[in-house]
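Enquirer: This is the content of protein-v8.txt (compact mmCIF, C-alpha atoms and all ligand atoms):
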```
# COMPACT_ATOMS: atom_id res chain seq x y z
CA MET Z 1 138.67 91.50 118.77
CA ARG Z 2 135.94 90.85 121.30
CA GLN Z 3 136.12 94.36 122.65
CA LEU Z 4 136.06 95.84 119.16
CA GLN Z 5 133.01 93.77 118.34
CA ASP Z 6 131.23 94.89 121.52
CA GLU Z 7 132.03 98.50 120.76
CA LYS Z 8 130.62 98.07 117.28
CA GLN Z 9 127.41 96.61 118.73
CA VAL Z 10 127.07 99.56 121.09
CA ASP Z 11 127.62 102.01 118.25
CA LEU Z 12 125.01 100.21 116.19
CA LEU Z 13 122.47 100.20 119.01
CA ASN Z 14 123.10 103.85 119.66
CA ALA Z 15 122.47 104.63 116.04
CA VAL Z 16 119.23 102.65 116.16
CA PHE Z 17 118.09 104.56 119.22
CA GLU Z 18 119.02 107.82 117.60
CA THR Z 19 116.95 106.86 114.58
CA GLN Z 20 113.96 106.07 116.74
CA GLU Z 21 114.37 109.16 118.84
CA SER Z 22 114.68 111.50 115.90
CA GLU Z 23 111.65 109.90 114.26
CA ARG Z 24 109.63 110.35 117.45
CA LYS Z 25 110.82 113.93 117.75
CA ARG Z 26 109.77 114.59 114.19
CA LEU Z 27 106.38 112.99 114.85
CA ALA Z 28 105.86 115.07 117.96
CA GLU Z 29 106.81 118.25 116.11
CA ASP Z 30 104.54 117.40 113.20
CA LEU Z 31 101.63 116.68 115.51
CA HIS Z 32 102.22 119.86 117.44
CA ASP Z 33 102.61 122.12 114.45
CA SER Z 34 99.75 120.81 112.35
CA VAL Z 35 97.04 118.85 114.10
CA GLY Z 36 97.56 120.59 117.43
CA GLN Z 37 97.11 124.04 115.91
CA VAL Z 38 94.04 123.11 113.93
CA LEU Z 39 92.39 121.38 116.86
CA SER Z 40 92.95 124.46 119.00
CA ALA Z 41 91.21 126.58 116.38
CA ILE Z 42 88.32 124.11 116.23
CA LYS Z 43 87.97 124.26 120.00
CA LEU Z 44 87.96 128.04 119.98
CA ASN Z 45 85.32 128.14 117.25
CA LEU Z 46 83.10 125.74 119.11
CA HIS Z 47 83.44 127.91 122.18
CA ARG Z 48 82.44 130.95 120.16
CA LEU Z 49 79.50 129.11 118.62
CA ASP Z 50 78.32 128.25 122.05
CA LYS Z 51 78.49 131.86 123.18
CA ALA Z 52 77.24 133.44 119.96
CA ALA Z 53 74.13 131.32 119.76
CA GLU Z 54 71.80 133.58 117.76
CA THR Z 55 73.73 136.82 117.89
CA GLU Z 56 76.29 135.84 115.25
CA ASN Z 57 75.96 134.18 111.91
CA SER Z 58 76.59 130.69 113.18
CA THR Z 59 76.37 129.02 109.80
CA THR Z 60 79.62 130.64 108.63
CA LEU Z 61 81.31 129.65 111.83
CA LEU Z 62 80.01 126.12 111.51
CA ALA Z 63 81.16 125.83 107.91
CA ASP Z 64 84.54 127.18 108.93
CA THR Z 65 84.81 124.68 111.75
CA ARG Z 66 83.89 121.84 109.47
CA LYS Z 67 86.63 122.92 107.07
CA LEU Z 68 89.11 122.94 109.92
CA ALA Z 69 88.09 119.44 110.91
CA ASP Z 70 88.66 118.32 107.30
CA GLU Z 71 92.07 119.94 107.34
CA CYS Z 72 92.86 118.17 110.56
CA ILE Z 73 91.94 114.82 109.12
CA GLN Z 74 94.10 115.48 106.06
CA GLU Z 75 97.03 116.48 108.26
CA ILE Z 76 96.74 113.28 110.23
CA ARG Z 77 96.75 111.32 106.97
CA ASN Z 78 99.91 113.15 105.87
CA ILE Z 79 101.66 112.43 109.15
CA ILE Z 80 100.71 108.77 109.02
CA GLN Z 81 102.10 108.65 105.48
CA ASN Z 82 105.44 109.81 106.82
CA VAL Z 83 105.53 107.59 109.89
CA LEU Z 84 104.42 104.40 108.19
CA PRO Z 85 102.71 104.77 104.84
CA PRO Z 86 99.70 102.44 104.55
CA VAL Z 87 100.65 101.73 100.92
CA LEU Z 88 103.87 100.12 102.20
CA THR Z 89 102.16 97.74 104.61
CA ASP Z 90 99.18 97.05 102.32
CA PHE Z 91 100.77 96.87 98.88
CA GLY Z 92 104.49 96.57 99.53
CA LEU Z 93 107.77 98.19 98.65
CA ILE Z 94 107.34 98.49 94.90
CA ASP Z 95 104.04 100.39 95.10
CA ALA Z 96 105.29 102.49 98.01
CA LEU Z 97 108.42 103.54 96.11
CA GLN Z 98 106.28 104.32 93.10
CA ALA Z 99 104.02 106.51 95.25
CA LEU Z 100 107.05 108.24 96.81
CA CYS Z 101 108.47 109.00 93.35
CA THR Z 102 105.15 110.30 92.08
CA LYS Z 103 104.72 112.56 95.13
CA LEU Z 104 108.22 113.95 94.82
CA GLY Z 105 107.83 114.47 91.10
CA GLN Z 106 104.75 116.55 91.80
CA ASN Z 107 106.32 118.57 94.60
CA THR Z 108 109.69 119.37 93.05
CA ASP Z 109 111.12 120.31 89.65
CA ILE Z 110 113.34 117.23 89.65
CA LYS Z 111 112.75 114.65 86.95
CA ILE Z 112 112.33 111.34 88.74
CA THR Z 113 112.60 107.99 87.01
CA PHE Z 114 111.67 104.77 88.76
CA THR Z 115 112.72 101.56 87.06
CA LYS Z 116 111.82 98.15 88.43
CA ASN Z 117 113.23 95.02 86.91
CA LEU Z 118 111.16 92.55 88.84
CA ALA Z 119 107.72 91.07 89.07
CA ASP Z 120 105.15 92.51 91.42
CA GLU Z 121 106.09 90.76 94.63
CA ARG Z 122 106.42 91.22 98.37
CA PHE Z 123 109.58 90.96 100.44
CA PRO Z 124 110.07 90.36 104.18
CA SER Z 125 108.58 93.31 106.03
CA GLU Z 126 111.81 94.42 107.71
CA ILE Z 127 113.49 94.56 104.30
CA GLU Z 128 110.59 96.52 102.77
CA LEU Z 129 110.57 99.00 105.64
CA THR Z 130 114.35 99.42 105.65
CA LEU Z 131 114.59 100.02 101.91
CA TYR Z 132 111.67 102.43 102.05
CA ARG Z 133 113.27 104.41 104.89
CA ILE Z 134 116.54 104.51 103.00
CA ALA Z 135 114.80 105.78 99.87
CA GLN Z 136 113.12 108.50 101.97
CA GLU Z 137 116.49 109.61 103.36
CA LEU Z 138 118.18 109.51 99.94
CA PHE Z 139 115.36 111.52 98.37
CA GLY Z 140 115.59 113.94 101.29
CA ASN Z 141 119.34 114.34 100.82
CA ALA Z 142 119.05 114.75 97.07
CA VAL Z 143 116.38 117.43 97.45
CA LYS Z 144 118.17 119.21 100.32
CA HIS Z 145 121.78 119.05 99.21
CA SER Z 146 122.31 117.98 95.60
CA LYS Z 147 120.71 120.63 93.33
CA ALA Z 148 120.07 117.68 91.00
CA THR Z 149 117.77 118.02 88.00
CA SER Z 150 117.20 114.29 87.71
CA ILE Z 151 117.04 111.29 90.00
CA GLN Z 152 117.02 107.63 89.04
CA LEU Z 153 115.72 104.97 91.37
CA LEU Z 154 116.21 101.36 90.34
CA LEU Z 155 114.92 98.24 92.03
CA THR Z 156 116.12 94.94 90.68
CA LYS Z 157 117.03 91.37 91.55
CA GLU Z 158 120.47 90.00 90.77
CA ALA Z 159 121.42 86.41 91.56
CA GLY Z 160 119.25 86.22 94.67
CA TRP Z 161 120.03 89.75 95.84
CA LEU Z 162 117.48 92.51 96.01
CA VAL Z 163 119.24 95.65 94.82
CA MET Z 164 118.10 99.24 95.15
CA SER Z 165 120.18 101.92 93.54
CA PHE Z 166 119.61 105.61 93.77
CA SER Z 167 121.46 108.21 91.76
CA ASP Z 168 121.25 111.94 91.34
CA ASN Z 169 123.05 114.19 88.87
CA GLY Z 170 123.73 116.88 91.45
CA VAL Z 171 126.76 118.56 93.00
CA GLY Z 172 127.96 115.45 94.85
CA PHE Z 173 130.17 115.64 97.91
CA ASN Z 174 133.55 114.63 99.19
CA MET Z 175 133.00 111.44 101.16
CA ASP Z 176 136.20 111.95 103.18
CA ASN Z 177 135.45 115.32 104.65
CA VAL Z 178 131.71 115.57 104.78
CA SER Z 179 130.20 116.46 108.13
CA HIS Z 180 127.94 113.48 108.69
CA GLY Z 181 124.45 114.17 109.89
CA PHE Z 182 122.32 111.40 111.30
CA GLY Z 183 121.09 110.53 107.84
CA LEU Z 184 124.14 108.80 106.38
CA LYS Z 185 124.97 107.15 109.72
CA ASN Z 186 121.44 105.81 110.03
CA LEU Z 187 121.61 104.38 106.52
CA GLN Z 188 124.60 102.27 107.55
CA SER Z 189 122.97 100.94 110.71
CA ARG Z 190 119.65 100.22 109.01
CA VAL Z 191 121.43 98.25 106.30
CA GLN Z 192 123.53 96.40 108.89
CA LEU Z 193 120.41 95.34 110.77
CA ILE Z 194 119.06 93.49 107.70
CA ASP Z 195 122.52 92.06 106.88
CA GLY Z 196 122.72 94.10 103.73
CA LYS Z 197 125.48 95.99 101.99
CA ILE Z 198 125.62 99.65 101.10
CA HIS Z 199 127.95 101.58 98.82
CA ILE Z 200 127.91 105.31 98.37
CA TYR Z 201 129.89 106.78 95.50
CA SER Z 202 130.11 110.51 95.26
CA LYS Z 203 132.55 113.03 93.90
CA PRO Z 204 132.17 116.79 93.93
CA LEU Z 205 130.27 117.90 90.80
CA ASN Z 206 129.70 114.30 89.77
CA GLY Z 207 126.44 113.40 91.43
CA THR Z 208 125.87 110.67 93.97
CA LEU Z 209 125.15 106.98 93.51
CA THR Z 210 124.03 104.82 96.41
CA THR Z 211 123.54 101.08 96.08
CA ILE Z 212 121.99 98.85 98.70
CA LYS Z 213 121.77 95.11 98.36
CA VAL Z 214 120.29 92.46 100.55
CA LEU Z 215 120.30 88.71 100.07
CA LEU Z 216 116.82 87.24 99.69
CA THR Z 217 116.52 83.80 101.24
N1 LIG H 301 122.80 113.56 97.33
C1 LIG H 301 123.67 114.42 97.88
N2 LIG H 301 124.23 115.41 97.13
C2 LIG H 301 125.12 116.29 97.67
N3 LIG H 301 125.52 116.25 98.96
C3 LIG H 301 125.00 115.30 99.76
C4 LIG H 301 124.06 114.34 99.28
N4 LIG H 301 123.75 113.50 100.29
C5 LIG H 301 124.44 113.93 101.35
N5 LIG H 301 125.20 115.01 101.06
C6 LIG H 301 126.15 115.70 101.96
O1 LIG H 301 126.43 114.85 103.05
C7 LIG H 301 126.10 115.48 104.27
C8 LIG H 301 125.62 114.45 105.27
O2 LIG H 301 124.37 113.91 104.89
P1 LIG H 301 123.42 113.36 106.03
O3 LIG H 301 122.20 112.77 105.40
O4 LIG H 301 124.22 112.45 106.91
O5 LIG H 301 123.07 114.66 106.86
P2 LIG H 301 122.00 115.81 106.59
O6 LIG H 301 121.12 115.43 105.44
O7 LIG H 301 122.75 117.09 106.50
O8 LIG H 301 121.17 115.80 107.94
P3 LIG H 301 120.05 114.74 108.38
O9 LIG H 301 120.06 113.60 107.39
O10 LIG H 301 120.46 114.30 109.74
O11 LIG H 301 118.77 115.50 108.34
C9 LIG H 301 125.09 116.53 103.91
O12 LIG H 301 125.08 117.59 104.83
C10 LIG H 301 125.55 116.97 102.53
O13 LIG H 301 126.61 117.91 102.65
MG MG H 302 120.15 113.57 105.38
```
Let's see the structure in the file written out as structure tokens.
Ligand SMILES: Nc1ncnc2c1ncn2[C@@H]1O[C@H](COP(=O)(O)OP(=O)(O)OP(=O)(O)O)[C@@H](O)[C@H]1O
Ligand SMILES: [Mg+2]
Expert:
Amino acid sequence: MRQLQDEKQVDLLNAVFETQESERKRLAEDLHDSVGQVLSAIKLNLHRLDKAAETENSTTLLADTRKLADECIQEIRNIIQNVLPPVLTDFGLIDALQALCTKLGQNTDIKITFTKNLADERFPSEIELTLYRIAQELFGNAVKHSKATSIQLLLTKEAGWLVMSFSDNGVGFNMDNVSHGFGLKNLQSRVQLIDGKIHIYSKPLNGTLTTIKVLLT
């Protein structure tokens, strides 16, 4: 029993590390591909401005450089949104999920419905962050794999439990012989770390329903 328990702990920790590592990797890639590129262009322009002095039309170059700087600032905002969205820390899970749904609704053809059966309230920060991360992964999976035309996200309280359920009407998958990426594994470990429960129901051609619940104390 003891050994089994220890092995489980190790597995869990490994999954946590993998989560962190893949998030850092993603952050590094994002920074490299967006901000890094734009900053390089800004640097090059400034160098040219310096050399061109009066020989070139420096106003165009300056305007261009200013535009690049604006782009850079916007990119940084986007990256920060993905790493830890300010709306989550400032206004909480409900507003952050709402913002996530709105953004996805604008960027995809999927009809997204967000229903919340609870008052505007805040939850412990580790619960808010975990549920937000899970929603991000589930949205990612639905967009990447499901071919769904509609997604329903529901946040509700039932007898002291905070419940988030996420369903898509897409192609579904066979839970027994799916090749697990990090995504589904990470969901399990994230939920375990907040002492929650997760159920994923999916059948080929029948969409996917994921329910996460955590006891509020
Ligand atoms: N909503 C969904 N609809 C259809 N298939 C899904 C859905 N969610 C997951 N799957 C299937 O389950 C597999 C495993 O999902 P998982 O999130 O673990 O990995 P991934 O999304 O492929 O990669 P990663 O999450 O690491 O970027 C997917 O490759 C896909 O085949
Ligand atoms: Mg995934």
Enquirer: For ligand LIG 301 (chain H), list the contacting residues at 12 Å or closer, counting only C-alpha atoms and all ligand atoms, as a count of residues only.
Expert: 60
Enquirer: Need to verify the contact set: range 43-53 of chain Z, 12 Å, all atoms listed in the file, exclusion of same-chain residues closer than 6 positions in sequence. Can you return it as a count of residues only?
Expert: 13
Enquirer: How many Å lie between CA of Leu216 in chain Z and CA of Phe91 in chain Z, rounded to one decimal?
Expert: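 CA of Leu216 in chain Z sits 18.7 Å away from CA of Phe91 in chain Z.
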Enquirer: Counting all atoms listed in the file, which residue out of Z:Ile73, Z:Ser34, Z:Ile127, Z:Leu100 sits closest to Leu193 in chain Z?
Expert: Z:Ile127
Enquirer: Between Z:Asn57, Z:Thr211, Z:Asn82, Z:Asn107, which residue has the minimum interatomic distance to Gly196 in chain Z, considering only C-alpha atoms?
Expert: Z:Thr211
Enquirer: CA of Gln20 in chain Z and CA of Ser189 in chain Z, how far apart in Å?
Expert: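 CA of Gln20 in chain Z lies at a distance of 12.0 Å from CA of Ser189 in chain Z.
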Enquirer: Which residue gives the smallest distance to Ala41 in chain Z among Z:Cys72, Z:Val163, Z:Leu27, Z:Leu88, with all atoms listed in the file counted?
Expert: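 Smallest separation from Ala41 in chain Z among the options: Z:Cys72.
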Enquirer: State, in Å with one decimal place, the distance from CA of Ile79 in chain Z to CA of Ala99 in chain Z.
Expert: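 Distance between the two atoms: 15.3 Å.
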Enquirer: Box for range 157-171 of chain Z: with edges along x, y and z, all listed atoms inside and 6 Å added on each side, what are the centre and edge lengths in Å to one decimal, as lines of an AutoDock Vina configuration file?
Expert:
```
center_x = 121.9
center_y = 102.4
center_z = 92.4
size_x = 21.7
size_y = 44.3
size_z = 19.1
```
Enquirer: Which is closer to Asn117 in chain Z than all the others in Z:Ile76, Z:Ile94, Z:Val16, Z:Leu131, using all atoms listed in the file?
Expert: Z:Ile94
Enquirer: List the neighbours of range 122-125 of chain Z out to 12 Å using all atoms listed in the file; skip same-chain residues closer than 6 positions along the sequence, and give me the result as JSON, numbers by chain.
Expert: {"Z": [88, 89, 90, 91, 92, 93, 94, 95, 96, 131, 132, 157, 161, 162, 194, 214, 215, 216, 217]}
